[in-house]
Amino acid sequence: MTNRPPMTKIEPDPATGAWRKELGHRLVEGENVLAALPVDLDASLRFGPGWLVVTNRRLLGRMPGAEPWSEWTLTSGLSLQLTEQSGVGTVELGNGERLLARWHYTLAHQREAQRLVQRFGQQVESLAHGTPLPAPERACERCDLPLEPDEEECPRCTPEPESTSPSTWTLLRLWRFARPYRWQLLAGFLLTLGSTGATLVPPYLTMPLMDEVLIPYQNGKPIEPAVVALYLAGLLGAALVAWLLGWARTYILALVSERIGADLRTTTYEHLLKLSLEYFGGKRTGDLMARIGSETDRINIFLSLHLLDFATDVLMIAMTAVILFSINPWLALVTLLPLPFIAWLIHIVRERLRTGFEKVDRVWSEVTNVLADTIPGIRVVKAFAQEKREAQRFRDANRHNLAVNDKLNRTWSLFSPTVSLLTEVGLLVVWGFGIWLIAKDQITVGVLTAFLAYIGRFYTRLDSMSRIVSVTQKAAAGAKRIFDILDHVSSVPEPAQPVPMPEVKGRIDVRNVRFRYGQREVLKGVSLSIAPGEMIGLVGHSGSGKSTLVNLICRFYDVTEGSIRVDGTDIRSVAVADFRRHIGLVLQEPFLFFGTIAENIAYGKPDATREEIIAAARAAHAHEFIMRLPHGYDSLVGERGQGLSGGERQRISIARALLIDPRILILDEATSSVDTETEKEIQKALDNLVQGRTTIAIAHRLSTLRRADRLVVMDRGEIVEVGPHDELMARKGAYWRLYEAQARNVDHESPLPEPGSWEKDGAARAA
């Protein structure tokens, strides 16, 4: 089983048919599968194919690598527990007294696990009451898993939907962006009203032309040129006025809509930048790019073109209806006969399009996600010769996009011709009723001619209004996805009344800090005091909580319990930007933006002079290699630092941190991904960087932390040892074990012993 990233389509599983065949002969008569979970991790957390299946009678399971299936008859004493820790999900079966079985799976199957546990609980409860659940009638065509009767899409093969369906009323929330341009919008509305009225003048003038000029001429009365000229001048004048007003309103409203779209993009992007790292951890780059880019473009087109057309259509229909009733009420009533049927069709189709276009947006984000994954990672793709695989991913995402659009188009293709048919039928009814009225001498030919002219415009606008249902629902779906970002509240909020940040000396107090990622507790009551100017080294196995502690100190996340204080001030009471201005961060993988070397060094201080930039580069031991580049400090850096070595990128990153002169410095594995010679150069730069600053350094190479004032050893979210290198080595505890393991080049990933067992084990070894 392939563990794919979130929000991507899961491919059909070639093993699915095999497990259904294998299970098929085990099912007894009347036994039906209710839910199934791919169990893709064995007891040692190694990958392999396995399954956990609940039927209307039993729970059946097969562990990866195990041939026989285990089974348990469903009784009221059985229960399934679902837990998640360190990226691994666990399902435990118990009978109230003891644990019967345990299965592990990757979190790509979390939704299927939740579904299986839910169906298991429902079936156990229903059996206790003597009302077993009905068997699923359908299965997914792609993965063969059972579907509920009301499920249109498989929860495994489709991304998790947004919380609510898009509604047309969502578009009204755009008023906050339109409000600054309300006077321009009012002018546009008045121009629309005037231009629509001007377009209704020509049909009205056809009545006297027919009844006073053409029909009398056929009866032998001569045509009066002055009268004809007057009517033709009226037609020409109305056309010119309609053109002038139409041009003015289109120009004004187009300018306004472009500005609304620009404000929407800017506001969304600015809000996105204010959100915490937790939000970005659950989102795909391609999806966010699509929301800010294509969704705002769609809304912009709706505002500049379709909304204007809709307003014109409404005014045209309303004004035409008034004119028709003023000419002949009975003929007007016949004209309006198709309206109830069209309104009913619009209501039915709107309900289907409402969710349909959101699905289209979601599926389209799958396509952009593949691009956002593959293009930045093209070097990895080529290094592992995975071009065909990525092409297949794109092809599958594109095929899924095509299938969803085809389903939507089937609905739309039936709706539009049906509306056209109803309007044509309505026109025939008007012809027939009008001829009957003429035969009864109740109206003249001129009146019928004018009616037909108005009806042509009326039905054209009615058909146009029906078509706008599609673009309206597209815009509503796009607006909802935009407001999903704008409505998201950062988990690192700005204080309501921020406290001014005092002059930072660099003292850090971590007081009984606890932190959770979802249901998993990562830090468990961590307390640590760091003196101003002190260098602290954080060490421990991967997953021990080192990076989490650093992220909390930088306030990328907020603590669940406890507090972090800098110089006695709780960092949650200070504006985020004011606090982070005093922190310098050097990461394991330095990120450089597309631009010049100088621009990247001055990223944290854009107004820095060239002298300051060069001084920072010299201190970071980067000046020499920068001057060897073709254009020196004005040399362009490719995207993500392409064209520079890892060590060169790291030294530019150090220069960037030096330039802002921070009082608190965070070094996160700053030398772990370079060779020994480069590490020496970087270490010289770091020696300049840490002088006089409170420094927290994370490193797996323990030898790089020997100059730290104190070393803090972490394990399983707790601090287990604190002290200088020599003192910790003399204790022969947790740090000594880590150091000796590195010296012997043994497996670093084996878990540390329980904190209480270190002293005992050390004493035993000494004995």
# chains A, B, ... in the order shown; residues from 1 in each chain; ligands from 1
call {"tool": "residues_around", "arguments": {"residues": "region 41-54 of chain A", "least_positions_apart": "3", "cutoff": "8 Å", "atoms": "only C-alpha atoms", "output": "number ranges by chain"}}
result
A: 1, 19, 33-38, 57-65, 103-106, 116, 119-120
call {"tool": "residues_around", "arguments": {"residues": "region 198-202 of chain A", "least_positions_apart": "4", "cutoff": "7 Å", "atoms": "only C-alpha atoms", "output": "list of chain:residue names"}}
result
A:Gly194, A:Thr206, A:Leu235, A:Ala238, A:Ala239, A:Val241, A:Ala242
call {"tool": "closest_residue", "arguments": {"among": "A:Asp715, A:Lys382, A:Ile654, A:Leu205", "to": "Leu230 (chain A)", "atoms": "only C-alpha atoms"}}
result
A:Leu205
call {"tool": "residues_around", "arguments": {"residues": "Gly432 (chain A)", "least_positions_apart": "3", "cutoff": "12 Å", "atoms": "only C-alpha atoms", "output": "list in words"}}
result
Leu331, Val334, Thr335, Val425, Gly426, Leu427, Leu428, Val429, Ile435, Trp436, Leu437, Ile438, Ala439, Leu448 and Leu452 of chain A
call {"tool": "write_last_selection", "arguments": {"atoms": "C-alpha atoms", "output": "PDB file, in the first residue's frame"}}
result
ATOM      1  CA  LEU A 331     -51.353  38.672 -23.749  1.00  0.00           C
ATOM      2  CA  VAL A 334     -49.679  34.242 -21.676  1.00  0.00           C
ATOM      3  CA  THR A 335     -46.118  35.500 -22.217  1.00  0.00           C
ATOM      4  CA  VAL A 425     -43.091  26.891 -26.771  1.00  0.00           C
ATOM      5  CA  GLY A 426     -43.992  30.122 -24.995  1.00  0.00           C
ATOM      6  CA  LEU A 427     -43.359  32.081 -28.186  1.00  0.00           C
ATOM      7  CA  LEU A 428     -45.647  29.767 -30.166  1.00  0.00           C
ATOM      8  CA  VAL A 429     -48.387  30.195 -27.545  1.00  0.00           C
ATOM      9  CA  ILE A 435     -53.616  35.863 -33.834  1.00  0.00           C
ATOM     10  CA  TRP A 436     -56.823  34.895 -32.043  1.00  0.00           C
ATOM     11  CA  LEU A 437     -56.998  38.364 -30.408  1.00  0.00           C
ATOM     12  CA  ILE A 438     -56.454  40.052 -33.800  1.00  0.00           C
ATOM     13  CA  ALA A 439     -59.236  37.932 -35.268  1.00  0.00           C
ATOM     14  CA  LEU A 448     -48.713  41.984 -31.784  1.00  0.00           C
ATOM     15  CA  LEU A 452     -43.212  39.775 -30.392  1.00  0.00           C
TER      16      LEU A 452
END
call {"tool": "select_by_dssp", "arguments": {"residues": "region 536-576 of chain A", "states": "alpha helix (DSSP H)", "output": "PyMOL selection string"}}
result
chain A and resi 546-553+576
call {"tool": "select_by_dssp", "arguments": {"residues": "region 393-603 of chain A", "states": "strand (DSSP E)", "output": "ChimeraX atom specification"}}
result
/A:508-517,520-530,535-539,561-566,569-570,583-586,595-596
call {"tool": "write_last_selection", "arguments": {"atoms": "N, CA, C and O atoms", "output": "compact mmCIF listing (two decimals), in the first residue's frame"}}
result
# COMPACT_ATOMS: atom_id res chain seq x y z
N ILE A 508 15.52 33.36 28.96
CA ILE A 508 14.36 32.56 28.55
C ILE A 508 13.98 31.63 29.69
O ILE A 508 14.84 30.90 30.22
N ASP A 509 12.70 31.66 30.06
CA ASP A 509 12.19 30.77 31.11
C ASP A 509 11.06 29.93 30.52
O ASP A 509 10.02 30.48 30.13
N VAL A 510 11.27 28.63 30.46
CA VAL A 510 10.24 27.68 30.02
C VAL A 510 9.66 27.05 31.27
O VAL A 510 10.37 26.36 32.02
N ARG A 511 8.37 27.30 31.52
CA ARG A 511 7.76 26.89 32.79
C ARG A 511 6.67 25.85 32.57
O ARG A 511 5.59 26.16 32.04
N ASN A 512 6.98 24.63 32.93
CA ASN A 512 6.01 23.52 32.92
C ASN A 512 5.21 23.48 31.62
O ASN A 512 3.97 23.45 31.62
N VAL A 513 5.91 23.48 30.51
CA VAL A 513 5.27 23.56 29.19
C VAL A 513 4.81 22.19 28.72
O VAL A 513 5.58 21.20 28.76
N ARG A 514 3.56 22.14 28.31
CA ARG A 514 3.00 20.96 27.66
C ARG A 514 2.49 21.37 26.29
O ARG A 514 1.99 22.48 26.11
N PHE A 515 2.60 20.44 25.35
CA PHE A 515 2.14 20.75 23.99
C PHE A 515 1.65 19.48 23.33
O PHE A 515 2.24 18.41 23.49
N ARG A 516 0.55 19.63 22.58
CA ARG A 516 -0.07 18.49 21.90
C ARG A 516 -0.19 18.79 20.41
O ARG A 516 -0.56 19.89 20.02
N TYR A 517 0.11 17.79 19.59
CA TYR A 517 -0.25 17.79 18.18
C TYR A 517 -1.50 16.93 18.06
O TYR A 517 -1.42 15.70 18.10
N ARG A 520 -1.91 13.75 20.30
CA ARG A 520 -0.59 13.24 20.73
C ARG A 520 0.13 14.30 21.55
O ARG A 520 0.36 15.42 21.07
N GLU A 521 0.50 13.96 22.77
CA GLU A 521 1.24 14.89 23.62
C GLU A 521 2.71 14.78 23.29
O GLU A 521 3.32 13.72 23.42
N VAL A 522 3.31 15.91 22.87
CA VAL A 522 4.70 15.92 22.44
C VAL A 522 5.63 16.37 23.55
O VAL A 522 6.70 15.81 23.74
N LEU A 523 5.24 17.41 24.28
CA LEU A 523 6.03 17.88 25.42
C LEU A 523 5.22 17.66 26.69
O LEU A 523 4.02 17.96 26.74
N LYS A 524 5.90 17.17 27.73
CA LYS A 524 5.21 16.77 28.96
C LYS A 524 5.83 17.48 30.16
O LYS A 524 6.71 16.95 30.83
N GLY A 525 5.38 18.70 30.39
CA GLY A 525 5.83 19.42 31.57
C GLY A 525 7.29 19.81 31.54
O GLY A 525 8.02 19.57 32.50
N VAL A 526 7.75 20.43 30.44
CA VAL A 526 9.15 20.81 30.29
C VAL A 526 9.40 22.14 31.00
O VAL A 526 8.65 23.11 30.81
N SER A 527 10.44 22.20 31.80
CA SER A 527 10.85 23.43 32.47
C SER A 527 12.34 23.63 32.25
O SER A 527 13.13 22.69 32.39
N LEU A 528 12.72 24.87 31.90
CA LEU A 528 14.12 25.15 31.59
C LEU A 528 14.35 26.66 31.71
O LEU A 528 13.53 27.45 31.24
N SER A 529 15.45 27.06 32.33
CA SER A 529 15.83 28.47 32.42
C SER A 529 17.15 28.66 31.70
O SER A 529 18.12 27.91 31.94
N ILE A 530 17.20 29.66 30.83
CA ILE A 530 18.41 29.95 30.04
C ILE A 530 18.83 31.37 30.35
O ILE A 530 18.04 32.32 30.22
N MET A 535 24.76 29.60 25.87
CA MET A 535 24.55 28.70 24.74
C MET A 535 24.09 27.35 25.26
O MET A 535 24.76 26.71 26.05
N ILE A 536 22.91 26.94 24.80
CA ILE A 536 22.30 25.68 25.21
C ILE A 536 22.28 24.74 24.00
O ILE A 536 21.90 25.13 22.90
N GLY A 537 22.69 23.50 24.22
CA GLY A 537 22.60 22.49 23.18
C GLY A 537 21.47 21.52 23.49
O GLY A 537 21.42 20.96 24.59
N LEU A 538 20.55 21.34 22.55
CA LEU A 538 19.45 20.39 22.71
C LEU A 538 19.83 19.10 22.00
O LEU A 538 20.11 19.11 20.79
N VAL A 539 19.82 18.00 22.70
CA VAL A 539 20.19 16.71 22.11
C VAL A 539 19.12 15.68 22.47
O VAL A 539 18.36 15.84 23.42
N GLU A 561 -0.19 24.06 27.65
CA GLU A 561 -0.21 24.43 29.06
C GLU A 561 1.15 25.03 29.41
O GLU A 561 2.14 24.80 28.72
N GLY A 562 1.18 25.79 30.51
CA GLY A 562 2.43 26.40 30.92
C GLY A 562 2.66 27.73 30.22
O GLY A 562 1.75 28.32 29.63
N SER A 563 3.91 28.20 30.26
CA SER A 563 4.23 29.49 29.64
C SER A 563 5.70 29.54 29.27
O SER A 563 6.52 28.79 29.82
N ILE A 564 6.01 30.43 28.34
CA ILE A 564 7.40 30.72 27.96
C ILE A 564 7.58 32.22 28.11
O ILE A 564 6.82 33.01 27.54
N ARG A 565 8.59 32.61 28.88
CA ARG A 565 8.83 34.03 29.15
C ARG A 565 10.22 34.43 28.69
O ARG A 565 11.18 33.67 28.84
N VAL A 566 10.30 35.61 28.11
CA VAL A 566 11.58 36.20 27.71
C VAL A 566 11.77 37.46 28.54
O VAL A 566 10.95 38.39 28.47
N THR A 569 8.69 38.44 30.47
CA THR A 569 7.45 38.76 29.76
C THR A 569 6.94 37.54 29.01
O THR A 569 7.69 36.92 28.24
N ASP A 570 5.69 37.18 29.26
CA ASP A 570 5.08 36.07 28.54
C ASP A 570 5.01 36.42 27.06
O ASP A 570 4.47 37.47 26.68
N ILE A 583 14.68 37.46 17.17
CA ILE A 583 15.10 36.06 17.03
C ILE A 583 15.75 35.85 15.66
O ILE A 583 15.19 36.25 14.63
N GLY A 584 16.91 35.23 15.68
CA GLY A 584 17.56 34.82 14.45
C GLY A 584 17.47 33.32 14.31
O GLY A 584 17.69 32.58 15.28
N LEU A 585 17.15 32.85 13.11
CA LEU A 585 16.91 31.42 12.89
C LEU A 585 17.78 30.92 11.76
O LEU A 585 17.76 31.48 10.65
N VAL A 586 18.55 29.88 12.02
CA VAL A 586 19.36 29.22 10.99
C VAL A 586 18.91 27.77 10.94
O VAL A 586 19.07 27.02 11.91
N GLY A 595 16.25 35.84 -6.36
CA GLY A 595 16.70 37.24 -6.28
C GLY A 595 18.21 37.27 -6.18
O GLY A 595 18.90 36.26 -6.38
N THR A 596 18.75 38.41 -5.84
CA THR A 596 20.20 38.54 -5.75
C THR A 596 20.69 38.05 -4.39
O THR A 596 19.92 37.88 -3.44
call {"tool": "residues_around", "arguments": {"residues": "region 287-301 of chain A", "least_positions_apart": "3", "cutoff": "9 Å", "atoms": "only C-alpha atoms", "output": "JSON, numbers by chain"}}
result
{"A": [171, 257, 258, 259, 260, 261, 262, 264, 265, 266, 268, 269, 283, 284, 304, 305, 306, 307, 361, 362, 364, 365, 366, 368, 369, 372, 471, 474, 475, 476, 477, 478, 479, 481, 482, 485]}
call {"tool": "write_last_selection", "arguments": {"atoms": "N, CA and C atoms", "output": "CSV table (one decimal), in the first residue's frame"}}
result
chain,number,residue,atom,x,y,z
A,171,LEU,N,-21.9,34.7,-1.8
A,171,LEU,CA,-21.4,35.9,-2.6
A,171,LEU,C,-21.8,37.2,-2.0
A,257,SER,N,-14.7,46.0,-10.5
A,257,SER,CA,-14.6,44.5,-10.3
A,257,SER,C,-13.1,44.2,-10.3
A,258,GLU,N,-12.3,44.8,-11.1
A,258,GLU,CA,-10.8,44.5,-11.0
A,258,GLU,C,-10.3,44.9,-9.7
A,259,ARG,N,-10.7,46.0,-9.2
A,259,ARG,CA,-10.2,46.4,-7.9
A,259,ARG,C,-10.7,45.6,-6.7
A,260,ILE,N,-12.0,45.1,-6.8
A,260,ILE,CA,-12.5,44.2,-5.8
A,260,ILE,C,-11.7,42.9,-5.9
A,261,GLY,N,-11.4,42.4,-7.1
A,261,GLY,CA,-10.6,41.2,-7.2
A,261,GLY,C,-9.2,41.3,-6.6
A,262,ALA,N,-8.6,42.5,-6.9
A,262,ALA,CA,-7.2,42.7,-6.4
A,262,ALA,C,-7.3,42.8,-4.9
A,264,LEU,N,-9.4,41.4,-2.9
A,264,LEU,CA,-9.7,40.1,-2.4
A,264,LEU,C,-8.4,39.2,-2.4
A,265,ARG,N,-7.6,39.3,-3.4
A,265,ARG,CA,-6.4,38.5,-3.5
A,265,ARG,C,-5.4,39.0,-2.4
A,266,THR,N,-5.3,40.3,-2.3
A,266,THR,CA,-4.3,40.9,-1.3
A,266,THR,C,-4.7,40.6,0.1
A,268,THR,N,-6.6,38.1,1.1
A,268,THR,CA,-6.5,36.6,1.4
A,268,THR,C,-5.0,36.3,1.6
A,269,TYR,N,-4.1,36.8,0.8
A,269,TYR,CA,-2.7,36.5,1.0
A,269,TYR,C,-2.2,37.0,2.3
A,283,LYS,N,-2.3,21.8,4.7
A,283,LYS,CA,-2.7,22.3,3.3
A,283,LYS,C,-1.7,21.9,2.3
A,284,ARG,N,-2.1,21.8,1.1
A,284,ARG,CA,-1.2,21.6,-0.1
A,284,ARG,C,-0.9,22.9,-0.7
A,304,SER,N,-17.3,41.3,-13.0
A,304,SER,CA,-17.2,42.2,-14.1
A,304,SER,C,-18.1,41.9,-15.3
A,305,LEU,N,-18.4,40.7,-15.5
A,305,LEU,CA,-19.2,40.3,-16.7
A,305,LEU,C,-20.6,39.7,-16.3
A,306,HIS,N,-20.6,38.6,-15.6
A,306,HIS,CA,-21.9,37.9,-15.4
A,306,HIS,C,-22.8,38.6,-14.4
A,307,LEU,N,-22.3,39.2,-13.4
A,307,LEU,CA,-23.2,39.9,-12.5
A,307,LEU,C,-23.8,41.1,-13.2
A,361,ASP,N,-13.7,22.1,-8.1
A,361,ASP,CA,-12.6,22.9,-7.5
A,361,ASP,C,-11.7,22.0,-6.7
A,362,ARG,N,-12.2,21.1,-5.9
A,362,ARG,CA,-11.4,20.2,-5.2
A,362,ARG,C,-10.6,19.2,-6.0
A,364,TRP,N,-9.8,19.8,-9.2
A,364,TRP,CA,-8.8,20.6,-9.9
A,364,TRP,C,-7.6,20.9,-9.0
A,365,SER,N,-7.8,21.0,-7.7
A,365,SER,CA,-6.6,21.3,-6.8
A,365,SER,C,-5.8,20.0,-6.8
A,366,GLU,N,-6.3,18.8,-7.0
A,366,GLU,CA,-5.5,17.6,-7.1
A,366,GLU,C,-4.5,17.8,-8.3
A,368,THR,N,-3.3,20.6,-9.6
A,368,THR,CA,-2.3,21.6,-9.3
A,368,THR,C,-1.4,21.1,-8.2
A,369,ASN,N,-1.9,20.2,-7.3
A,369,ASN,CA,-1.0,19.7,-6.2
A,369,ASN,C,0.1,18.8,-6.8
A,372,ALA,N,2.6,21.2,-8.1
A,372,ALA,CA,3.3,21.9,-7.0
A,372,ALA,C,4.3,20.9,-6.3
A,471,VAL,N,-22.5,30.0,-13.8
A,471,VAL,CA,-21.4,30.9,-13.3
A,471,VAL,C,-21.6,31.4,-11.9
A,474,LYS,N,-20.4,28.6,-9.7
A,474,LYS,CA,-19.0,28.5,-9.8
A,474,LYS,C,-18.3,29.6,-8.9
A,475,ALA,N,-18.9,30.8,-9.0
A,475,ALA,CA,-18.4,31.9,-8.2
A,475,ALA,C,-18.6,31.7,-6.7
A,476,ALA,N,-19.8,31.1,-6.4
A,476,ALA,CA,-20.1,30.8,-5.0
A,476,ALA,C,-19.2,29.8,-4.4
A,477,ALA,N,-18.8,28.8,-5.2
A,477,ALA,CA,-17.9,27.7,-4.7
A,477,ALA,C,-16.5,28.4,-4.5
A,478,GLY,N,-16.1,29.2,-5.5
A,478,GLY,CA,-14.8,29.9,-5.3
A,478,GLY,C,-14.8,30.8,-4.1
A,479,ALA,N,-15.9,31.6,-3.9
A,479,ALA,CA,-16.0,32.5,-2.8
A,479,ALA,C,-15.9,31.7,-1.5
A,481,ARG,N,-14.3,28.9,-0.9
A,481,ARG,CA,-13.0,28.4,-0.7
A,481,ARG,C,-12.1,29.6,-0.3
A,482,ILE,N,-12.4,30.8,-0.8
A,482,ILE,CA,-11.6,32.0,-0.3
A,482,ILE,C,-11.9,32.3,1.1
A,485,ILE,N,-10.3,30.4,4.0
A,485,ILE,CA,-9.1,30.9,4.4
A,485,ILE,C,-9.3,32.1,5.4
call {"tool": "residues_around", "arguments": {"residues": "region 609-617 of chain A", "least_positions_apart": "2", "cutoff": "8 Å", "atoms": "only C-alpha atoms", "output": "list of chain:residue names"}}
result
A:Ala598, A:Ile601, A:Ala602, A:Asp607, A:Ala619, A:Ala620, A:His621, A:Ala622, A:His623, A:Arg651, A:Ile652, A:Ala655, A:Arg656, A:Leu658, A:Leu659
call {"tool": "atom_distance", "arguments": {"atom1": "CA of Ile455 (chain A)", "atom2": "CA of Val430 (chain A)"}}
result
8.7 Å
call {"tool": "residues_around", "arguments": {"residues": "Ala187 (chain A)", "least_positions_apart": "5", "cutoff": "10 Å", "atoms": "only C-alpha atoms", "output": "PDB file with C-alpha atoms, in the first residue's frame"}}
result
ATOM      1  CA  ARG A 182     -20.315  51.729  -3.435  1.00  0.00           C
ATOM      2  CA  THR A 192     -27.532  50.086 -16.370  1.00  0.00           C
ATOM      3  CA  LEU A 193     -31.046  51.271 -15.644  1.00  0.00           C
ATOM      4  CA  ALA A 248     -19.995  53.902 -19.608  1.00  0.00           C
ATOM      5  CA  ARG A 249     -21.529  51.329 -17.264  1.00  0.00           C
ATOM      6  CA  ILE A 252     -16.989  51.722 -14.678  1.00  0.00           C
ATOM      7  CA  LEU A 253     -18.088  48.316 -13.409  1.00  0.00           C
TER       8      LEU A 253
END
call {"tool": "closest_residue", "arguments": {"among": "A:Leu702, A:His129, A:Phe458, A:Gly533", "to": "Met729 (chain A)", "atoms": "only C-alpha atoms"}}
result
A:Leu702
call {"tool": "closest_residue", "arguments": {"among": "A:His582, A:Arg649, A:Gly446, A:Pro180", "to": "Ile215 (chain A)", "atoms": "only C-alpha atoms"}}
result
A:Gly446
